[in-house]
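To be precise, the following lines are protein.cif, and they hold mmCIF, C-alpha atoms and all ligand atoms.
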data_work
loop_
_atom_site.label_atom_id
_atom_site.label_comp_id
_atom_site.auth_asym_id
_atom_site.auth_seq_id
_atom_site.Cartn_x
_atom_site.Cartn_y
_atom_site.Cartn_z
CA MET A 1 0.00 0.00 0.00
CA ALA A 2 1.44 3.37 -0.97
CA LEU A 3 2.01 5.81 1.88
CA ALA A 4 -0.61 8.37 0.94
CA ASP A 5 -3.04 5.76 -0.26
CA PRO A 6 -5.10 4.48 2.67
CA VAL A 7 -7.85 1.90 2.47
CA VAL A 8 -10.24 2.44 -0.44
CA GLY A 9 -13.38 4.24 0.65
CA SER A 10 -11.76 5.83 3.67
CA LYS A 11 -10.60 9.44 3.86
CA SER A 12 -6.97 10.33 3.18
CA PHE A 13 -4.63 10.75 6.13
CA ALA A 14 -4.35 14.46 5.37
CA ALA A 15 -8.13 14.96 5.21
CA VAL A 16 -8.56 13.29 8.60
CA ALA A 17 -5.74 15.31 10.17
CA ILE A 18 -7.17 18.58 8.85
CA ASN A 19 -10.65 17.67 10.04
CA CYS A 20 -9.35 16.76 13.52
CA ALA A 21 -7.25 19.91 13.88
CA ALA A 22 -10.02 22.19 12.65
CA LYS A 23 -12.71 20.61 14.84
CA ALA A 24 -10.53 20.56 17.95
CA GLY A 25 -9.26 24.09 17.30
CA GLU A 26 -12.74 25.56 16.87
CA TRP A 27 -13.88 23.84 20.06
CA ILE A 28 -10.85 25.09 22.02
CA LYS A 29 -11.58 28.62 20.86
CA THR A 30 -15.09 28.46 22.31
CA LYS A 31 -13.50 27.54 25.68
CA LEU A 32 -11.12 30.50 25.76
CA GLY A 33 -11.57 32.31 29.08
CA ASN A 34 -14.10 29.68 29.95
CA TYR A 35 -12.22 26.59 31.14
CA GLN A 36 -13.35 25.03 34.43
CA GLN A 37 -10.43 23.16 35.87
CA LEU A 38 -6.75 24.11 35.96
CA ASP A 39 -4.32 21.43 37.15
CA LEU A 40 -0.57 21.68 37.65
CA LYS A 41 1.47 18.81 36.22
CA MET A 42 5.03 18.99 37.59
CA SER A 43 4.97 22.62 38.76
CA SER A 44 3.15 25.92 38.48
CA HIS A 45 4.88 26.32 35.09
CA ASP A 46 3.36 23.17 33.63
CA LEU A 47 -0.39 23.42 33.16
CA VAL A 48 -3.25 21.28 31.92
CA THR A 49 -7.00 21.96 31.71
CA GLU A 50 -10.00 19.83 30.94
CA VAL A 51 -9.89 21.49 27.50
CA ASP A 52 -6.50 19.88 26.73
CA LYS A 53 -7.96 16.52 27.72
CA GLY A 54 -11.22 17.08 25.81
CA SER A 55 -9.35 18.15 22.67
CA GLU A 56 -7.19 15.01 22.83
CA ARG A 57 -10.26 12.81 23.35
CA LEU A 58 -11.97 14.37 20.33
CA ILE A 59 -8.92 13.90 18.09
CA ARG A 60 -8.21 10.38 19.32
CA GLY A 61 -11.84 9.40 18.74
CA LEU A 62 -11.93 10.76 15.20
CA ILE A 63 -8.62 9.14 14.23
CA GLY A 64 -9.73 5.85 15.80
CA THR A 65 -12.92 5.90 13.73
CA HIS A 66 -11.02 6.26 10.47
CA PHE A 67 -7.90 4.24 11.29
CA PRO A 68 -8.65 1.80 14.11
CA ASN A 69 -5.37 -0.08 13.63
CA HIS A 70 -3.12 2.96 13.94
CA SER A 71 -1.14 3.76 17.10
CA PHE A 72 -1.64 7.00 19.02
CA LEU A 73 0.68 9.10 21.19
CA GLY A 74 -0.90 12.16 22.80
CA GLU A 75 0.48 14.47 25.46
CA GLU A 76 -2.42 13.94 27.84
CA GLY A 77 -2.11 10.14 27.70
CA VAL A 78 1.41 10.31 29.12
CA GLU A 79 2.57 10.96 32.68
CA PRO A 80 4.41 14.28 33.11
CA GLY A 81 8.20 14.45 33.01
CA PRO A 82 10.92 13.71 30.46
CA GLU A 83 11.45 10.04 31.45
CA ALA A 84 7.77 9.13 31.04
CA SER A 85 7.66 10.97 27.68
CA ALA A 86 10.73 9.17 26.37
CA LYS A 87 9.38 5.79 27.51
CA ALA A 88 5.94 6.42 25.96
CA LEU A 89 7.60 7.28 22.65
CA GLU A 90 9.88 4.22 22.71
CA ASP A 91 6.84 1.97 23.25
CA VAL A 92 5.25 3.04 19.94
CA ARG A 93 8.10 4.53 17.95
CA GLU A 94 8.35 1.75 15.37
CA ALA A 95 4.59 1.35 14.89
CA GLU A 96 3.52 1.09 11.27
CA TYR A 97 1.37 4.19 11.62
CA LEU A 98 1.68 6.44 14.66
CA TRP A 99 -0.35 9.62 15.24
CA ILE A 100 1.49 12.11 17.46
CA VAL A 101 -0.79 14.74 18.94
CA ASP A 102 -0.50 17.83 21.10
CA PRO A 103 -4.14 18.76 21.73
CA ILE A 104 -3.14 22.28 22.82
CA ASP A 105 0.43 23.47 22.35
CA GLY A 106 0.68 26.67 24.34
CA THR A 107 -1.61 25.75 27.24
CA THR A 108 -0.24 28.58 29.40
CA ASN A 109 -1.29 31.03 26.68
CA PHE A 110 -4.71 29.40 26.43
CA VAL A 111 -5.18 29.74 30.19
CA HIS A 112 -4.24 33.43 30.13
CA GLY A 113 -6.20 34.28 26.98
CA PHE A 114 -3.01 35.08 25.03
CA PRO A 115 -3.94 34.09 21.47
CA PHE A 116 -0.91 31.98 20.54
CA PHE A 117 -1.75 28.30 20.90
CA VAL A 118 -2.35 25.51 18.39
CA VAL A 119 -3.45 21.97 17.80
CA SER A 120 -0.54 19.92 16.45
CA ILE A 121 -1.08 16.59 14.68
CA ALA A 122 1.57 14.46 12.99
CA LEU A 123 1.53 11.01 11.41
CA ALA A 124 4.68 8.88 11.37
CA HIS A 125 5.20 5.77 9.24
CA ARG A 126 7.69 3.40 10.92
CA GLY A 127 9.28 6.30 12.78
CA GLU A 128 9.38 8.79 9.91
CA VAL A 129 7.02 11.77 9.95
CA ILE A 130 5.00 11.80 6.72
CA LEU A 131 2.25 14.31 7.59
CA GLY A 132 2.08 17.37 9.82
CA VAL A 133 -0.81 19.72 10.53
CA ILE A 134 -0.70 22.72 12.85
CA TYR A 135 -3.89 24.75 13.33
CA ASP A 136 -3.98 28.17 14.97
CA PRO A 137 -7.65 28.83 15.76
CA SER A 138 -7.05 32.44 16.86
CA LYS A 139 -5.90 33.44 13.38
CA ASP A 140 -7.71 30.60 11.61
CA GLU A 141 -4.42 29.53 10.00
CA LEU A 142 -3.86 25.93 9.07
CA PHE A 143 -0.35 24.78 8.18
CA ILE A 144 0.08 21.41 6.49
CA ALA A 145 2.97 19.42 5.07
CA GLU A 146 3.13 16.00 3.51
CA LYS A 147 6.46 14.26 2.98
CA GLY A 148 7.75 15.11 -0.49
CA LYS A 149 4.80 17.35 -1.34
CA GLY A 150 5.77 20.70 0.20
CA ALA A 151 4.24 22.80 2.95
CA TYR A 152 1.16 25.00 2.69
CA VAL A 153 -0.92 27.46 4.63
CA HIS A 154 -4.50 27.50 3.41
CA GLY A 155 -3.46 25.97 0.10
CA LYS A 156 -0.64 28.45 -0.57
CA PRO A 157 2.93 27.07 -0.66
CA ILE A 158 5.19 28.42 2.07
CA GLU A 159 8.94 28.70 2.18
CA VAL A 160 11.54 29.55 4.77
CA SER A 161 13.11 33.00 4.99
CA LYS A 162 16.25 34.16 3.19
CA GLU A 163 18.37 35.63 6.02
CA ASP A 164 21.86 34.21 5.89
CA THR A 165 23.46 35.88 8.89
CA LEU A 166 22.53 35.78 12.55
CA GLN A 167 22.73 39.55 12.60
CA SER A 168 19.79 39.78 10.18
CA SER A 169 17.80 36.97 11.84
CA LEU A 170 14.72 36.98 14.02
CA VAL A 171 14.83 33.82 16.13
CA ALA A 172 12.53 32.36 18.77
CA THR A 173 12.85 30.14 21.79
CA GLY A 174 10.90 29.15 24.89
CA PHE A 175 11.19 29.20 28.65
CA PRO A 176 11.05 25.48 29.49
CA ALA A 177 8.92 24.34 32.43
CA GLU A 178 11.69 22.02 33.67
CA GLN A 179 13.92 24.21 35.81
CA ARG A 180 16.89 22.08 36.78
CA TYR A 181 18.35 21.31 33.36
CA ALA A 182 16.30 22.72 30.47
CA LEU A 183 15.61 26.27 31.69
CA PRO A 184 19.17 27.18 32.74
CA LEU A 185 20.65 25.75 29.53
CA ASN A 186 18.12 27.62 27.41
CA MET A 187 18.82 30.83 29.33
CA LYS A 188 22.52 30.50 28.50
CA GLY A 189 21.56 30.36 24.84
CA ILE A 190 19.35 33.43 25.15
CA GLN A 191 22.06 35.44 26.89
CA HIS A 192 24.69 34.43 24.37
CA LEU A 193 22.55 34.90 21.24
CA ALA A 194 20.66 38.09 22.12
CA PRO A 195 23.49 40.44 21.10
CA LYS A 196 24.27 38.39 17.97
CA VAL A 197 20.83 38.20 16.33
CA ARG A 198 18.41 40.91 15.23
CA ASN A 199 16.10 39.93 18.09
CA ILE A 200 14.57 37.03 19.99
CA ARG A 201 10.89 36.19 20.43
CA SER A 202 9.29 33.80 22.89
CA ALA A 203 5.54 33.51 22.46
CA GLY A 204 4.91 30.19 24.26
CA SER A 205 4.06 27.60 21.60
CA ALA A 206 6.94 25.58 20.20
CA ALA A 207 4.74 24.14 17.45
CA LEU A 208 3.56 27.56 16.26
CA HIS A 209 7.10 28.92 16.34
CA LEU A 210 8.14 26.02 14.10
CA ALA A 211 5.26 26.76 11.72
CA TYR A 212 6.43 30.38 11.61
CA VAL A 213 9.96 29.26 10.69
CA ALA A 214 8.41 27.19 7.89
CA ALA A 215 6.41 30.21 6.70
CA GLY A 216 9.45 32.53 6.72
CA ARG A 217 8.15 34.66 9.60
CA LEU A 218 11.01 33.59 11.86
CA SER A 219 14.56 32.77 10.72
CA GLY A 220 15.05 30.09 13.36
CA PHE A 221 13.95 28.51 16.63
CA TRP A 222 15.65 26.49 19.34
CA GLU A 223 14.58 25.06 22.66
CA ILE A 224 15.83 22.56 25.21
CA GLY A 225 13.67 19.76 26.64
CA LEU A 226 10.74 19.50 24.21
CA ASN A 227 8.65 16.41 23.53
CA SER A 228 7.84 14.53 20.34
CA TRP A 229 4.33 16.02 20.21
CA ASP A 230 5.69 19.59 20.38
CA LEU A 231 7.99 18.96 17.41
CA ALA A 232 6.82 16.28 14.97
CA ALA A 233 4.39 18.29 12.81
CA GLY A 234 6.47 21.48 12.86
CA ALA A 235 9.66 19.62 11.94
CA LEU A 236 8.09 18.26 8.75
CA LEU A 237 6.65 21.69 7.89
CA ILE A 238 10.17 23.15 8.03
CA GLN A 239 11.79 20.32 6.08
CA GLU A 240 9.12 20.64 3.39
CA SER A 241 9.48 24.42 3.16
CA GLY A 242 13.23 24.26 2.53
CA GLY A 243 14.56 24.58 6.09
CA ARG A 244 16.50 22.34 8.41
CA VAL A 245 15.78 20.69 11.77
CA THR A 246 18.42 19.02 13.96
CA ASP A 247 19.22 18.52 17.60
CA THR A 248 21.61 20.94 19.30
CA GLU A 249 24.51 18.61 18.39
CA GLY A 250 23.64 18.85 14.69
CA ALA A 251 22.11 15.35 14.27
CA GLU A 252 19.20 15.37 11.80
CA TYR A 253 15.70 15.46 13.31
CA HIS A 254 14.12 12.19 14.48
CA LEU A 255 11.18 11.53 16.79
CA GLY A 256 13.38 11.26 19.88
CA VAL A 257 14.87 14.77 19.56
CA ARG A 258 14.25 16.91 22.66
CA ASN A 259 16.81 19.72 22.26
CA VAL A 260 15.93 21.21 18.91
CA VAL A 261 17.44 23.69 16.48
CA ALA A 262 15.23 24.61 13.52
CA SER A 263 15.98 27.20 10.89
CA ASN A 264 15.79 28.40 7.31
CA GLY A 265 18.93 26.28 6.75
CA ARG A 266 21.09 29.30 5.90
CA ILE A 267 21.83 30.24 9.52
CA HIS A 268 21.69 26.69 10.86
CA ASP A 269 25.39 25.98 11.37
CA ASP A 270 25.97 29.41 12.92
CA LEU A 271 23.05 28.90 15.29
CA ILE A 272 24.39 25.51 16.43
CA LYS A 273 27.90 26.89 16.84
CA GLU A 274 26.71 29.76 19.04
CA LEU A 275 24.46 27.49 21.13
CA ARG A 276 27.43 25.14 21.68
CA GLU A 277 29.55 28.04 22.81
CA ALA A 278 26.78 29.16 25.14
CA ALA A 279 26.41 25.67 26.65
CA ASP A 280 30.18 25.35 27.16
CA ASN A 281 30.30 28.67 28.94
CA PRO A 282 30.72 28.08 32.70
CA SER A 283 28.46 30.16 35.03
P1 LIG A 301 2.48 22.79 25.97
O1 LIG A 301 1.75 24.05 25.98
O2 LIG A 301 1.87 21.74 25.11
O3 LIG A 301 2.81 22.26 27.35
C1 LIG A 301 6.96 26.49 25.74
O4 LIG A 301 8.28 26.58 26.17
C2 LIG A 301 6.76 25.19 25.00
O5 LIG A 301 7.17 24.10 25.82
C3 LIG A 301 5.31 24.93 24.64
O6 LIG A 301 5.30 24.38 23.36
C4 LIG A 301 4.84 23.94 25.71
O7 LIG A 301 3.87 23.03 25.24
C5 LIG A 301 6.10 23.18 25.97
N1 LIG A 301 6.14 22.64 27.33
C6 LIG A 301 5.53 23.09 28.42
N2 LIG A 301 5.82 22.33 29.49
C7 LIG A 301 6.65 21.37 29.05
C8 LIG A 301 7.31 20.28 29.67
N3 LIG A 301 7.18 20.03 30.96
N4 LIG A 301 8.09 19.49 28.91
C9 LIG A 301 8.23 19.76 27.59
N5 LIG A 301 7.63 20.77 26.95
C10 LIG A 301 6.86 21.57 27.66
CA CA A 302 0.03 20.51 25.20
#
In structure tokens, what does this structure look like?
Amino acid sequence: MALADPVVGSKSFAAVAINCAAKAGEWIKTKLGNYQQLDLKMSSHDLVTEVDKGSERLIRGLIGTHFPNHSFLGEEGVEPGPEASAKALEDVREAEYLWIVDPIDGTTNFVHGFPFFVVSIALAHRGEVILGVIYDPSKDELFIAEKGKGAYVHGKPIEVSKEDTLQSSLVATGFPAEQRYALPLNMKGIQHLAPKVRNIRSAGSAALHLAYVAAGRLSGFWEIGLNSWDLAAGALLIQESGGRVTDTEGAEYHLGVRNVVASNGRIHDDLIKELREAADNPS
């Protein structure tokens, strides 16, 4: 069976992913400023609401209806913390078809009514991402990429930006919830890079930042300590729009990457070099 050729009579993978992201996104938007229950996962920096869980249930249900034999990895089905995330991924990584879902990426923004959060849905075939959809309900923007077919926002092809120096680059990062390892290491990168780039943004959704790199709105993005569901869809969007995604050591993107560097390709080596220098810096 060809990759993009599911069972006759069923919908295509892409159609199902778009339908799931759009439905979940529209529902999430109706809950903005209106959620009932806020729980802390590991700390006051790591939030989940019943809307995250409801969005995941909706997506999981729809995917299960169309593709009952596919595997599913969603943020809310996994215990908090990096070890549990890594274990959950290892358990399903080599599945024939694996859906990787973040039902709300940018939950802190959702909770505060800051309109920068998305639904992120990816499909991997034996460990390789072949489809990625990121939907931003606040702007009604849907980003989609299929392996080998390019990346699009609302049907229009997107491509990465042209900056080829750090000095002319707008880059983004995050402030990781994990404070012992990820946050301090990321802060070193911020301190080191801030004077070298045009500026740095941090709007609180890794997936949407990746989509913005794919669309040429950001030159690059890096962050320490992310999970497969934060990255899978956005990584394919960037690869399909002419950019590059690696870990902070320069190894090409795979599902297990947690420390990510994503860019238009042109500034990639410089970005990695500076982040290495920052990490090696004592203090
Ligand atoms: P989330 O909203 O789905 O939790 C912000 O730095 C980015 O990190 C967001 O994409 C956020 O996704 C993600 N994030 C938040 N807490 C995290 C955690 N404990 N581990 C990994 N990623 C996290
Ligand atoms: Ca999430």
Test item: residues at most 10 Å from Met42 in chain A, all atoms listed in the file, excluding those fewer than 4 positions along its chain, as a PDB file with C-alpha atoms, in the coordinates of the input:
ATOM      1  CA  ASP A  46       3.360  23.170  33.630  1.00  0.00           C
ATOM      2  CA  LEU A  47      -0.390  23.420  33.160  1.00  0.00           C
ATOM      3  CA  GLU A  79       2.570  10.960  32.680  1.00  0.00           C
ATOM      4  CA  PRO A  80       4.410  14.280  33.110  1.00  0.00           C
ATOM      5  CA  GLY A  81       8.200  14.450  33.010  1.00  0.00           C
ATOM      6  CA  ALA A 177       8.920  24.340  32.430  1.00  0.00           C
ATOM      7  CA  GLU A 178      11.690  22.020  33.670  1.00  0.00           C
TER       8      GLU A 178
END
Name all residues at most 8 Å from range 134-146 of chain A (count all atoms listed in the file; drop same-chain ones fewer than 4 positions away) and give them as a PDB file with C-alpha atoms, keeping the file's coordinate frame.
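Final output, saved to out33.pdb:
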ATOM      1  CA  ALA A  14      -4.350  14.460   5.370  1.00  0.00           C
ATOM      2  CA  ALA A  21      -7.250  19.910  13.880  1.00  0.00           C
ATOM      3  CA  ALA A  22     -10.020  22.190  12.650  1.00  0.00           C
ATOM      4  CA  GLY A  25      -9.260  24.090  17.300  1.00  0.00           C
ATOM      5  CA  GLU A  26     -12.740  25.560  16.870  1.00  0.00           C
ATOM      6  CA  ILE A  28     -10.850  25.090  22.020  1.00  0.00           C
ATOM      7  CA  LYS A  29     -11.580  28.620  20.860  1.00  0.00           C
ATOM      8  CA  PRO A 115      -3.940  34.090  21.470  1.00  0.00           C
ATOM      9  CA  PHE A 116      -0.910  31.980  20.540  1.00  0.00           C
ATOM     10  CA  PHE A 117      -1.750  28.300  20.900  1.00  0.00           C
ATOM     11  CA  VAL A 118      -2.350  25.510  18.390  1.00  0.00           C
ATOM     12  CA  VAL A 119      -3.450  21.970  17.800  1.00  0.00           C
ATOM     13  CA  SER A 120      -0.540  19.920  16.450  1.00  0.00           C
ATOM     14  CA  ILE A 121      -1.080  16.590  14.680  1.00  0.00           C
ATOM     15  CA  ILE A 130       5.000  11.800   6.720  1.00  0.00           C
ATOM     16  CA  GLY A 150       5.770  20.700   0.200  1.00  0.00           C
ATOM     17  CA  ALA A 151       4.240  22.800   2.950  1.00  0.00           C
ATOM     18  CA  TYR A 152       1.160  25.000   2.690  1.00  0.00           C
ATOM     19  CA  VAL A 153      -0.920  27.460   4.630  1.00  0.00           C
ATOM     20  CA  HIS A 154      -4.500  27.500   3.410  1.00  0.00           C
ATOM     21  CA  ALA A 207       4.740  24.140  17.450  1.00  0.00           C
ATOM     22  CA  LEU A 208       3.560  27.560  16.260  1.00  0.00           C
ATOM     23  CA  ALA A 211       5.260  26.760  11.720  1.00  0.00           C
ATOM     24  CA  ALA A 233       4.390  18.290  12.810  1.00  0.00           C
ATOM     25  CA  GLY A 234       6.470  21.480  12.860  1.00  0.00           C
ATOM     26  CA  LEU A 236       8.090  18.260   8.750  1.00  0.00           C
ATOM     27  CA  LEU A 237       6.650  21.690   7.890  1.00  0.00           C
ATOM     28  CA  GLU A 240       9.120  20.640   3.390  1.00  0.00           C
TER      29      GLU A 240
END
**OP:** Within 6 Å of ligand CA 302 (chain A), which residues show up when you count all atoms listed in the file? List them as a count of residues only, please.
**Re:** 5
Using all atoms of ligand LIG 301 (chain A) that appear in the file, construct an axis-aligned enclosing box with 5 Å of padding on every side and provide its centre coordinates and edge lengths in Å, rounded to one decimal, as AutoDock Vina command-line options.
--center_x 5.0 --center_y 23.0 --center_z 27.2 --size_x 16.5 --size_y 17.1 --size_z 17.6
Subject >> Distance in Å - CA of Ala15 in chain A versus CA of Ile238 in chain A >> reply: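 Rounded to one decimal, the two atoms are 20.2 Å apart.
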Original post:
When you draw a straight line from CA of Ser228 in chain A to CA of Asn186 in chain A, how long is it in Å?
Top reply: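 According to the coordinates, CA of Ser228 in chain A and CA of Asn186 in chain A are separated by 18.1 Å.
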Please export range 166-178 of chain A as an mmCIF file, in the first residue's frame, restricted to N, CA, C and O atoms.
data_model
loop_
_atom_site.group_PDB
_atom_site.id
_atom_site.type_symbol
_atom_site.label_atom_id
_atom_site.label_comp_id
_atom_site.auth_asym_id
_atom_site.auth_seq_id
_atom_site.Cartn_x
_atom_site.Cartn_y
_atom_site.Cartn_z
ATOM 1 N N LEU A 166 23.265 35.662 11.282
ATOM 2 C CA LEU A 166 22.534 35.775 12.555
ATOM 3 C C LEU A 166 22.120 37.220 12.784
ATOM 4 O O LEU A 166 21.033 37.493 13.296
ATOM 5 N N GLN A 167 22.984 38.120 12.387
ATOM 6 C CA GLN A 167 22.728 39.547 12.597
ATOM 7 C C GLN A 167 21.412 40.004 11.970
ATOM 8 O O GLN A 167 20.761 40.912 12.472
ATOM 9 N N SER A 168 21.027 39.376 10.869
ATOM 10 C CA SER A 168 19.791 39.781 10.182
ATOM 11 C C SER A 168 18.619 38.861 10.537
ATOM 12 O O SER A 168 17.562 38.925 9.913
ATOM 13 N N SER A 169 18.791 38.005 11.544
ATOM 14 C CA SER A 169 17.802 36.968 11.839
ATOM 15 C C SER A 169 16.921 37.302 13.032
ATOM 16 O O SER A 169 17.378 37.821 14.052
ATOM 17 N N LEU A 170 15.645 36.949 12.885
ATOM 18 C CA LEU A 170 14.715 36.982 14.018
ATOM 19 C C LEU A 170 14.518 35.529 14.452
ATOM 20 O O LEU A 170 14.022 34.709 13.670
ATOM 21 N N VAL A 171 14.923 35.212 15.670
ATOM 22 C CA VAL A 171 14.827 33.824 16.130
ATOM 23 C C VAL A 171 13.925 33.746 17.354
ATOM 24 O O VAL A 171 13.670 34.756 18.015
ATOM 25 N N ALA A 172 13.441 32.552 17.626
ATOM 26 C CA ALA A 172 12.535 32.362 18.768
ATOM 27 C C ALA A 172 13.012 31.208 19.627
ATOM 28 O O ALA A 172 13.750 30.322 19.178
ATOM 29 N N THR A 173 12.574 31.224 20.857
ATOM 30 C CA THR A 173 12.854 30.137 21.785
ATOM 31 C C THR A 173 11.737 30.077 22.813
ATOM 32 O O THR A 173 10.723 30.758 22.667
ATOM 33 N N GLY A 174 11.911 29.241 23.835
ATOM 34 C CA GLY A 174 10.899 29.148 24.893
ATOM 35 C C GLY A 174 11.544 29.246 26.257
ATOM 36 O O GLY A 174 12.766 29.310 26.384
ATOM 37 N N PHE A 175 10.708 29.265 27.271
ATOM 38 C CA PHE A 175 11.185 29.203 28.651
ATOM 39 C C PHE A 175 10.678 27.869 29.211
ATOM 40 O O PHE A 175 9.543 27.783 29.663
ATOM 41 N N PRO A 176 11.512 26.820 29.133
ATOM 42 C CA PRO A 176 11.047 25.479 29.487
ATOM 43 C C PRO A 176 10.514 25.394 30.919
ATOM 44 O O PRO A 176 11.013 26.074 31.819
ATOM 45 N N ALA A 177 9.525 24.516 31.101
ATOM 46 C CA ALA A 177 8.924 24.338 32.426
ATOM 47 C C ALA A 177 9.898 23.641 33.383
ATOM 48 O O ALA A 177 9.868 23.874 34.581
ATOM 49 N N GLU A 178 10.757 22.793 32.822
ATOM 50 C CA GLU A 178 11.687 22.024 33.665
ATOM 51 C C GLU A 178 12.859 22.938 34.053
ATOM 52 O O GLU A 178 13.568 23.440 33.190
#
